[in-house]
file final_22.txt (compact mmCIF, C-alpha atoms)
# COMPACT_ATOMS: atom_id res chain seq x y z
CA MET M 1 7.26 15.23 -3.50
CA VAL M 2 3.68 13.94 -3.25
CA TYR M 3 4.91 10.50 -2.19
CA ALA M 4 7.22 12.03 0.41
CA VAL M 5 4.35 14.00 1.90
CA LEU M 6 2.03 10.97 1.85
CA GLY M 7 4.66 8.68 3.34
CA GLY M 8 5.58 11.12 6.09
CA ALA M 9 1.95 11.89 6.83
CA ALA M 10 1.14 8.19 7.00
CA LEU M 11 4.02 7.58 9.42
CA ILE M 12 3.01 10.45 11.69
CA ALA M 13 -0.70 9.62 11.54
CA ILE M 14 -0.22 5.96 12.30
CA ALA M 15 2.23 6.71 15.11
CA THR M 16 -0.35 9.05 16.63
CA VAL M 17 -3.09 6.46 16.31
CA VAL M 18 -0.86 3.82 17.90
CA SER M 19 0.05 6.05 20.85
CA VAL M 20 -3.53 7.19 21.49
CA LEU M 21 -5.60 4.16 20.57
CA GLY M 22 -3.10 1.42 21.36
CA PRO M 23 -4.17 1.00 25.01
CA MET M 24 -7.85 1.18 24.00
CA LEU M 25 -7.37 -1.50 21.37
CA ALA M 26 -5.55 -3.66 23.88
CA LEU M 27 -8.41 -3.33 26.38
CA ASP M 28 -11.54 -3.18 24.23
CA LEU M 29 -10.64 -5.15 21.13
CA TYR M 30 -8.36 -7.79 22.57
CA THR M 31 -9.61 -10.68 20.53
CA PRO M 32 -7.37 -13.40 19.05
CA PRO M 33 -7.49 -11.98 15.46
CA VAL M 34 -6.70 -8.44 16.64
CA ALA M 35 -3.94 -9.66 18.92
CA ALA M 36 -2.45 -11.69 16.08
CA TRP M 37 -2.61 -8.70 13.73
CA TRP M 38 -0.98 -6.44 16.30
CA THR M 39 1.79 -8.99 16.93
CA VAL M 40 2.67 -9.35 13.24
CA PHE M 41 2.46 -5.59 12.63
CA THR M 42 4.68 -4.74 15.62
CA ALA M 43 7.24 -7.42 14.78
CA VAL M 44 7.63 -6.28 11.18
CA ALA M 45 7.72 -2.55 11.97
CA VAL M 46 10.03 -2.74 15.01
CA GLN M 47 12.51 -5.05 13.30
CA GLY M 48 12.59 -2.97 10.14
CA VAL M 49 12.96 0.55 11.55
CA PRO M 50 16.64 0.29 12.69
CA PHE M 51 17.75 -0.93 9.28
CA LEU M 52 15.62 1.67 7.56
CA LEU M 53 17.28 4.40 9.65
CA LEU M 54 20.78 3.05 8.98
CA GLY M 55 20.08 2.80 5.26
CA THR M 56 18.75 6.33 5.00
CA VAL M 57 21.72 7.70 6.99
CA VAL M 58 24.19 6.07 4.58
CA SER M 59 22.16 7.12 1.55
CA ALA M 60 21.94 10.74 2.72
CA ALA M 61 25.67 10.82 3.46
CA ILE M 62 26.51 9.58 -0.03
CA GLY M 63 24.16 12.08 -1.63
CA ALA M 64 25.61 14.99 0.36
CA PHE M 65 29.31 14.21 0.52
CA VAL M 66 30.29 11.88 -2.37
CA PRO M 67 30.97 13.81 -5.60
CA GLU M 68 29.04 12.47 -8.57
CA ARG M 69 32.16 12.62 -10.74
CA VAL M 70 33.46 9.60 -8.82
CA PHE M 71 31.02 7.42 -10.74
CA THR M 72 32.05 8.71 -14.18
CA ARG M 73 35.73 8.15 -13.43
CA LEU M 74 35.23 4.57 -12.32
CA LEU M 75 33.05 3.40 -15.21
CA PRO M 76 34.60 2.35 -18.55
CA ARG M 77 33.24 3.83 -21.77
CA ASN M 78 32.30 0.41 -23.11
CA GLN M 79 28.67 -0.14 -22.09
CA ALA M 80 28.99 -3.94 -21.99
CA LEU M 81 31.69 -3.55 -19.33
CA ALA M 82 30.20 -0.51 -17.60
CA VAL M 83 26.87 -2.23 -16.86
CA PRO M 84 28.16 -5.04 -14.57
CA ILE M 85 30.55 -2.62 -12.84
CA ALA M 86 27.74 -0.17 -12.19
CA GLY M 87 25.54 -3.01 -10.99
CA ALA M 88 28.21 -4.31 -8.64
CA ALA M 89 28.72 -0.77 -7.29
CA GLY M 90 25.32 -1.10 -5.66
CA ALA M 91 26.89 -3.55 -3.21
CA VAL M 92 29.20 -0.89 -1.79
CA LEU M 93 27.21 2.30 -2.33
CA PRO M 94 23.93 1.91 -0.45
CA GLY M 95 20.88 3.85 -1.46
CA CYS M 96 17.15 3.59 -0.93
CA GLU M 97 14.65 3.31 -3.78
CA CYS M 98 13.69 6.95 -3.26
CA ALA M 99 17.24 8.13 -3.97
CA SER M 100 18.06 5.70 -6.78
CA VAL M 101 16.00 7.50 -9.44
CA PRO M 102 17.45 11.01 -8.88
CA VAL M 103 20.95 9.50 -8.58
CA ALA M 104 20.55 7.73 -11.94
CA SER M 105 19.21 10.95 -13.45
CA SER M 106 22.23 12.84 -12.14
CA LEU M 107 24.62 10.21 -13.52
CA MET M 108 23.08 10.54 -16.98
CA ARG M 109 23.45 14.31 -16.82
CA ARG M 110 27.14 13.83 -16.07
CA GLY M 111 27.66 11.66 -19.14
CA VAL M 112 27.27 8.14 -17.76
CA ALA M 113 25.72 5.78 -20.30
CA PRO M 114 22.00 5.24 -19.58
CA ALA M 115 22.48 1.45 -19.53
CA ALA M 116 25.04 1.71 -16.70
CA ALA M 117 23.01 4.31 -14.79
CA LEU M 118 19.91 2.10 -14.99
CA ALA M 119 21.83 -0.94 -13.77
CA PHE M 120 22.95 1.07 -10.73
CA LEU M 121 19.40 2.35 -10.24
CA LEU M 122 18.18 -1.24 -9.86
CA SER M 123 21.07 -2.71 -7.88
CA ALA M 124 21.79 0.00 -5.28
CA PRO M 125 18.60 -0.44 -3.23
CA ALA M 126 18.59 -4.22 -3.70
CA ILE M 127 22.07 -5.52 -2.81
CA ASN M 128 23.66 -2.92 -0.54
CA PRO M 129 25.20 -4.10 2.76
CA VAL M 130 22.35 -2.78 4.92
CA VAL M 131 19.80 -4.77 2.91
CA LEU M 132 21.86 -7.96 3.00
CA VAL M 133 22.45 -7.72 6.76
CA ALA M 134 18.75 -7.07 7.34
CA THR M 135 17.95 -10.14 5.22
CA SER M 136 20.31 -12.31 7.25
CA ILE M 137 18.58 -11.22 10.47
CA ALA M 138 15.09 -11.66 9.05
CA PHE M 139 16.04 -15.19 7.92
CA PRO M 140 18.34 -16.46 10.70
CA GLY M 141 20.26 -19.61 9.86
CA GLN M 142 19.42 -19.29 6.17
CA PRO M 143 22.53 -17.89 4.45
CA LYS M 144 21.29 -19.23 1.11
CA MET M 145 18.43 -16.73 1.24
CA VAL M 146 20.93 -13.86 1.52
CA LEU M 147 23.07 -15.29 -1.29
CA GLY M 148 19.98 -15.89 -3.39
CA ARG M 149 18.86 -12.28 -2.99
CA LEU M 150 22.30 -11.00 -3.93
CA VAL M 151 22.65 -13.20 -7.01
CA ALA M 152 19.09 -12.77 -8.30
CA SER M 153 19.04 -8.99 -7.77
CA LEU M 154 22.46 -8.39 -9.32
CA ALA M 155 21.58 -10.63 -12.26
CA THR M 156 18.36 -8.69 -12.84
CA ALA M 157 20.15 -5.33 -12.75
CA VAL M 158 22.89 -6.44 -15.14
CA VAL M 159 20.51 -8.12 -17.57
CA MET M 160 18.30 -5.02 -17.65
CA GLY M 161 21.35 -2.82 -18.31
CA TRP M 162 22.43 -5.03 -21.18
CA LEU M 163 18.90 -5.17 -22.57
CA TRP M 164 18.73 -1.38 -22.58
CA ALA M 165 22.16 -1.11 -24.22
CA ARG M 166 21.02 -3.51 -26.97
CA PHE M 167 17.36 -2.63 -27.51
CA GLY M 168 16.76 0.72 -25.80
CA ARG M 169 15.83 3.70 -27.95
CA GLU M 170 16.55 7.34 -27.25
CA GLU M 171 12.94 8.36 -27.89
CA TRP M 172 11.79 6.08 -25.06
CA LEU M 173 13.95 7.86 -22.50
CA ARG M 174 13.42 11.51 -21.64
CA LEU M 175 16.98 12.35 -20.75
CA PRO M 176 17.32 14.86 -17.90
CA ASN M 177 18.59 18.28 -18.89
CA GLY M 178 20.59 20.88 -17.04
CA HIS M 179 21.98 20.67 -13.54
CA LYS M 180 18.96 21.04 -11.34
CA ARG M 181 19.87 20.77 -7.73
CA SER M 182 17.85 18.86 -5.14
CA ALA M 183 18.08 17.95 -1.47
CA HIS M 184 20.28 15.02 -2.47
CA SER M 185 22.71 17.07 -4.58
CA THR M 186 23.22 20.17 -2.44
CA ALA M 187 26.57 19.92 -0.71
CA GLY M 188 27.05 20.12 3.01
CA VAL M 189 25.58 19.15 6.32
CA LYS M 190 22.25 20.81 5.48
CA ALA M 191 21.93 18.49 2.49
CA PHE M 192 22.65 15.50 4.69
CA VAL M 193 19.98 16.49 7.21
CA ALA M 194 17.46 17.30 4.48
CA GLY M 195 18.17 14.05 2.66
CA LEU M 196 17.92 12.01 5.84
CA GLN M 197 14.64 13.63 6.82
CA HIS M 198 13.17 13.19 3.33
CA ASP M 199 14.23 9.56 2.90
CA PHE M 200 13.30 8.41 6.40
CA LEU M 201 9.84 10.01 6.40
CA HIS M 202 9.18 8.84 2.86
CA ALA M 203 10.35 5.24 3.33
CA GLY M 204 9.20 5.04 6.96
CA GLY M 205 5.62 5.77 6.01
CA PHE M 206 5.65 3.00 3.44
CA LEU M 207 7.29 0.64 5.93
CA VAL M 208 4.43 1.19 8.37
CA LEU M 209 1.86 0.76 5.63
CA GLY M 210 3.66 -2.33 4.39
CA ALA M 211 3.74 -3.83 7.87
CA ALA M 212 0.02 -3.14 8.28
CA ALA M 213 -0.71 -4.66 4.88
CA ALA M 214 1.39 -7.74 5.67
CA ALA M 215 -0.37 -8.21 9.01
CA THR M 216 -3.77 -7.77 7.38
CA PHE M 217 -2.80 -10.20 4.64
CA ASN M 218 -1.75 -12.79 7.20
CA ILE M 219 -4.89 -12.43 9.32
CA ALA M 220 -7.70 -11.47 6.93
CA VAL M 221 -7.05 -13.73 3.94
CA PRO M 222 -8.63 -17.13 4.59
CA ARG M 223 -6.32 -20.11 4.69
CA SER M 224 -8.46 -21.83 2.06
CA ILE M 225 -7.60 -19.09 -0.42
CA LEU M 226 -3.93 -19.15 0.49
CA ASP M 227 -3.85 -22.90 0.03
CA VAL M 228 -4.77 -22.38 -3.61
CA PHE M 229 -1.56 -20.38 -4.05
CA THR M 230 0.76 -21.97 -1.51
CA GLY M 231 -0.06 -25.38 -2.90
CA SER M 232 1.52 -24.33 -6.20
CA SER M 233 5.08 -23.02 -6.22
CA TRP M 234 4.38 -21.08 -9.44
CA LEU M 235 1.22 -19.39 -8.22
CA SER M 236 2.73 -18.48 -4.85
CA LEU M 237 5.79 -16.95 -6.53
CA LEU M 238 3.67 -14.87 -8.92
CA LEU M 239 1.37 -13.75 -6.10
CA LEU M 240 4.19 -12.41 -3.95
CA ALA M 241 5.89 -10.86 -6.99
CA LEU M 242 2.68 -8.91 -7.62
CA LEU M 243 2.22 -8.15 -3.93
CA ALA M 244 5.69 -6.57 -3.84
CA VAL M 245 4.62 -4.07 -6.49
CA VAL M 246 1.59 -2.99 -4.48
CA LEU M 247 2.99 -2.90 -0.93
CA CYS M 248 5.91 -0.54 -1.74
CA VAL M 249 7.98 -1.68 1.25
CA CYS M 250 11.44 -0.11 1.63
CA SER M 251 14.25 -2.51 0.71
CA GLU M 252 15.91 -2.09 4.11
CA ALA M 253 12.80 -3.62 5.71
CA ASP M 254 11.13 -5.81 3.10
CA ALA M 255 12.96 -8.94 4.31
CA PHE M 256 11.05 -8.77 7.59
CA VAL M 257 7.76 -8.47 5.70
CA ALA M 258 8.73 -11.43 3.51
CA ALA M 259 9.71 -13.53 6.53
CA SER M 260 6.30 -12.82 8.11
CA LEU M 261 4.45 -14.25 5.09
CA SER M 262 4.27 -17.76 6.47
CA GLY M 263 3.11 -20.59 4.27
CA PHE M 264 4.82 -19.37 1.13
CA SER M 265 7.81 -21.11 -0.40
CA PRO M 266 11.35 -19.70 -0.01
CA ALA M 267 11.45 -19.00 -3.76
CA ALA M 268 8.25 -16.95 -3.51
CA LYS M 269 9.69 -14.93 -0.62
CA LEU M 270 12.85 -14.44 -2.67
CA ALA M 271 10.78 -13.08 -5.56
CA PHE M 272 9.10 -10.64 -3.15
CA MET M 273 12.50 -9.30 -2.06
CA VAL M 274 13.95 -9.13 -5.57
CA VAL M 275 10.96 -7.47 -7.24
CA GLY M 276 10.11 -4.96 -4.49
CA PRO M 277 13.23 -2.74 -4.61
CA MET M 278 13.09 -2.64 -8.42
CA VAL M 279 9.40 -2.43 -9.32
CA ASP M 280 6.70 -0.95 -7.13
CA LEU M 281 4.06 1.72 -7.51
CA LYS M 282 6.10 4.56 -6.03
CA LEU M 283 9.12 3.73 -8.20
CA ILE M 284 7.00 3.61 -11.33
CA ALA M 285 5.65 7.06 -10.46
CA LEU M 286 9.15 8.40 -9.77
CA GLN M 287 10.50 6.97 -13.03
CA ALA M 288 7.56 8.38 -15.00
CA GLY M 289 8.12 11.83 -13.54
CA THR M 290 11.87 11.75 -14.15
CA PHE M 291 12.32 9.84 -17.42
CA GLY M 292 8.85 9.92 -18.95
CA ARG M 293 5.80 7.71 -18.82
CA SER M 294 6.75 5.78 -21.97
CA PHE M 295 10.05 4.76 -20.40
CA ALA M 296 8.53 3.89 -17.03
CA LEU M 297 5.93 1.53 -18.47
CA ARG M 298 8.39 -0.32 -20.70
CA PHE M 299 11.22 -0.44 -18.17
CA SER M 300 9.12 -1.44 -15.16
CA SER M 301 7.20 -4.19 -16.95
CA THR M 302 10.37 -5.67 -18.42
CA THR M 303 12.17 -5.43 -15.09
CA TRP M 304 9.32 -7.29 -13.38
CA LEU M 305 9.54 -10.14 -15.89
CA VAL M 306 13.32 -10.38 -15.61
CA ALA M 307 13.19 -10.23 -11.79
CA VAL M 308 10.59 -13.01 -11.63
CA ALA M 309 12.61 -15.16 -14.03
CA SER M 310 15.82 -14.52 -12.10
CA SER M 311 14.14 -15.32 -8.77
CA THR M 312 12.71 -18.52 -10.20
CA LEU M 313 16.06 -19.73 -11.53
CA VAL M 314 18.04 -18.77 -8.43
CA GLY M 315 15.36 -20.17 -6.14
CA TRP M 316 15.40 -23.48 -8.02
CA TRP M 317 19.21 -23.53 -7.86
CA LEU M 318 19.77 -22.49 -4.24
CA LEU M 319 16.56 -22.92 -2.28

call {"tool": "encode", "arguments": {"input": "final_22.txt", "output": "structure tokens"}}
result
Amino acid sequence: MVYAVLGGAALIAIATVVSVLGPMLALDLYTPPVAAWWTVFTAVAVQGVPFLLLGTVVSAAIGAFVPERVFTRLLPRNQALAVPIAGAAGAVLPGCECASVPVASSLMRRGVAPAAALAFLLSAPAINPVVLVATSIAFPGQPKMVLGRLVASLATAVVMGWLWARFGREEWLRLPNGHKRSAHSTAGVKAFVAGLQHDFLHAGGFLVLGAAAAATFNIAVPRSILDVFTGSSWLSLLLLALLAVVLCVCSEADAFVAASLSGFSPAAKLAFMVVGPMVDLKLIALQAGTFGRSFALRFSSTTWLVAVASSTLVGWWLL
């Protein structure tokens, strides 16, 4: 709830600032650095918003109109088989990061094995059709980048599901109780509108902040410092993997942010897109509030390591 308010407030505040101060900035502060910042910021934000809107529309529709029992009927009881099926379901059932945590919580309440629910939690915002199409537009003429994102993200989700099935302990996971209803679980058109409004304001605010951070990063960080990282494929990959955790960019728009980070290797940009939808500050907070702080710390840190390793291997193989 706090993140939704902050994200929506940030979106509204920045939109107001842009509308009021935009002409003043153009007239009074039109220097090359400011112009370059404004160009990068506008490009990232404008390109990302349509895909963000489409993703939140689909996510809200699924939350309002698709019965949760559909998931339990499709998944086998065997966890080893249920995990890859749940992970692959993310390719056909889009959802934003904001919705993935409550959806996984709801699945566990309905009897779905935690390992399968967690695999879906990671894959849904990372490999859904909206995200893959947005990636193909952000990286025109680079189909291997789209394939790399799909393979690395799905591999991370499945590996994490299997790891939880093998090593996870019940005391680490605060299983959700009861059948609490939320904006995403209330049936009907009102739920769709409420879910759309919540997801778009929440993710839209972080998209704007992410675009501003990416533009600032491109303009403010000296090239001499970047050369230290971009000169090493390992350092550049780790830097963007950490940056993805901090920026909290919505998965429907993070490809445009990644594409704007010029000078970094394709593998590093891939790591940014694989890590972001699975591990960032807002997701850690959501997981801690839903499943407990002990779970969030263990799960997020392990997911980050697996995502970086998966991005490295897939990047070396494809890119």

call {"tool": "residues_around", "arguments": {"input": "final_22.txt", "residues": "Val49 of chain M", "least_positions_apart": "5", "cutoff": "9 Å", "atoms": "all atoms listed in the file", "output": "ChimeraX atom specification"}}
result
/M:44,54,204,207,252-253

call {"tool": "closest_residue", "arguments": {"input": "final_22.txt", "among": "M:Ser232, M:Thr135, M:Ser300, M:Ser294", "to": "Met273 of chain M", "atoms": "only C-alpha atoms"}}
result
M:Thr135

call {"tool": "atom_distance", "arguments": {"input": "final_22.txt", "atom1": "atom CA of Leu235 of chain M", "atom2": "atom CA of Pro266 of chain M"}}
result
13.0 Å

call {"tool": "closest_residue", "arguments": {"input": "final_22.txt", "among": "M:Ala259, M:Ala61, M:Ala211, M:Val92", "to": "Gln142 of chain M", "atoms": "all atoms listed in the file"}}
result
M:Ala259

call {"tool": "residues_around", "arguments": {"input": "final_22.txt", "residues": "segment 295-299 of chain M", "least_positions_apart": "2", "cutoff": "8 Å", "atoms": "only C-alpha atoms", "output": "list in words"}}
result
Trp172, Leu173, Arg174, Ile284, Ala285, Gln287, Ala288, Phe291, Gly292, Arg293, Ser301, Thr302 and Thr303 of chain M

call {"tool": "write_last_selection", "arguments": {"input": "final_22.txt", "atoms": "C-alpha atoms", "output": "tab-separated table (two decimals), keeping the file's coordinate frame"}}
result
chain	number	residue	atom	x	y	z
M	172	TRP	CA	11.79	6.08	-25.06
M	173	LEU	CA	13.95	7.86	-22.50
M	174	ARG	CA	13.42	11.51	-21.64
M	284	ILE	CA	7.00	3.61	-11.33
M	285	ALA	CA	5.65	7.06	-10.46
M	287	GLN	CA	10.50	6.97	-13.03
M	288	ALA	CA	7.56	8.38	-15.00
M	291	PHE	CA	12.32	9.84	-17.42
M	292	GLY	CA	8.85	9.92	-18.95
M	293	ARG	CA	5.80	7.71	-18.82
M	301	SER	CA	7.20	-4.19	-16.95
M	302	THR	CA	10.37	-5.67	-18.42
M	303	THR	CA	12.17	-5.43	-15.09

call {"tool": "build_atoms", "arguments": {"input": "final_22.txt", "residues": "segment 158-174 of chain M", "atoms": "N, CA and C atoms", "output": "PDB file, in the frame of the given file"}}
result
ATOM      1  N   VAL M 158      21.957  -6.346 -14.021  1.00  0.00           N
ATOM      2  CA  VAL M 158      22.890  -6.440 -15.140  1.00  0.00           C
ATOM      3  C   VAL M 158      22.167  -6.784 -16.433  1.00  0.00           C
ATOM      4  N   VAL M 159      21.256  -7.739 -16.374  1.00  0.00           N
ATOM      5  CA  VAL M 159      20.510  -8.120 -17.570  1.00  0.00           C
ATOM      6  C   VAL M 159      19.701  -6.930 -18.104  1.00  0.00           C
ATOM      7  N   MET M 160      19.071  -6.175 -17.203  1.00  0.00           N
ATOM      8  CA  MET M 160      18.300  -5.020 -17.650  1.00  0.00           C
ATOM      9  C   MET M 160      19.205  -3.955 -18.270  1.00  0.00           C
ATOM     10  N   GLY M 161      20.402  -3.762 -17.712  1.00  0.00           N
ATOM     11  CA  GLY M 161      21.350  -2.820 -18.310  1.00  0.00           C
ATOM     12  C   GLY M 161      21.760  -3.246 -19.701  1.00  0.00           C
ATOM     13  N   TRP M 162      22.053  -4.520 -19.861  1.00  0.00           N
ATOM     14  CA  TRP M 162      22.430  -5.030 -21.180  1.00  0.00           C
ATOM     15  C   TRP M 162      21.266  -4.960 -22.163  1.00  0.00           C
ATOM     16  N   LEU M 163      20.062  -5.258 -21.694  1.00  0.00           N
ATOM     17  CA  LEU M 163      18.900  -5.170 -22.570  1.00  0.00           C
ATOM     18  C   LEU M 163      18.698  -3.740 -23.072  1.00  0.00           C
ATOM     19  N   TRP M 164      18.890  -2.773 -22.154  1.00  0.00           N
ATOM     20  CA  TRP M 164      18.730  -1.380 -22.580  1.00  0.00           C
ATOM     21  C   TRP M 164      19.838  -0.991 -23.563  1.00  0.00           C
ATOM     22  N   ALA M 165      21.061  -1.431 -23.314  1.00  0.00           N
ATOM     23  CA  ALA M 165      22.160  -1.110 -24.220  1.00  0.00           C
ATOM     24  C   ALA M 165      21.915  -1.686 -25.610  1.00  0.00           C
ATOM     25  N   ARG M 166      21.246  -2.838 -25.674  1.00  0.00           N
ATOM     26  CA  ARG M 166      21.020  -3.510 -26.970  1.00  0.00           C
ATOM     27  C   ARG M 166      19.741  -3.044 -27.643  1.00  0.00           C
ATOM     28  N   PHE M 167      18.668  -2.888 -26.899  1.00  0.00           N
ATOM     29  CA  PHE M 167      17.360  -2.630 -27.510  1.00  0.00           C
ATOM     30  C   PHE M 167      16.771  -1.265 -27.168  1.00  0.00           C
ATOM     31  N   GLY M 168      17.333  -0.557 -26.197  1.00  0.00           N
ATOM     32  CA  GLY M 168      16.760   0.720 -25.800  1.00  0.00           C
ATOM     33  C   GLY M 168      16.857   1.772 -26.887  1.00  0.00           C
ATOM     34  N   ARG M 169      15.870   2.637 -26.953  1.00  0.00           N
ATOM     35  CA  ARG M 169      15.830   3.700 -27.950  1.00  0.00           C
ATOM     36  C   ARG M 169      15.808   5.057 -27.241  1.00  0.00           C
ATOM     37  N   GLU M 170      16.446   6.019 -27.855  1.00  0.00           N
ATOM     38  CA  GLU M 170      16.550   7.340 -27.250  1.00  0.00           C
ATOM     39  C   GLU M 170      15.167   7.976 -27.053  1.00  0.00           C
ATOM     40  N   GLU M 171      14.257   7.720 -27.998  1.00  0.00           N
ATOM     41  CA  GLU M 171      12.940   8.360 -27.890  1.00  0.00           C
ATOM     42  C   GLU M 171      12.116   7.799 -26.736  1.00  0.00           C
ATOM     43  N   TRP M 172      12.504   6.642 -26.203  1.00  0.00           N
ATOM     44  CA  TRP M 172      11.790   6.080 -25.060  1.00  0.00           C
ATOM     45  C   TRP M 172      12.207   6.745 -23.753  1.00  0.00           C
ATOM     46  N   LEU M 173      13.383   7.319 -23.735  1.00  0.00           N
ATOM     47  CA  LEU M 173      13.950   7.860 -22.500  1.00  0.00           C
ATOM     48  C   LEU M 173      14.040   9.370 -22.591  1.00  0.00           C
ATOM     49  N   ARG M 174      13.336  10.057 -21.713  1.00  0.00           N
ATOM     50  CA  ARG M 174      13.420  11.510 -21.640  1.00  0.00           C
ATOM     51  C   ARG M 174      14.627  11.854 -20.796  1.00  0.00           C
TER      52      ARG M 174
END
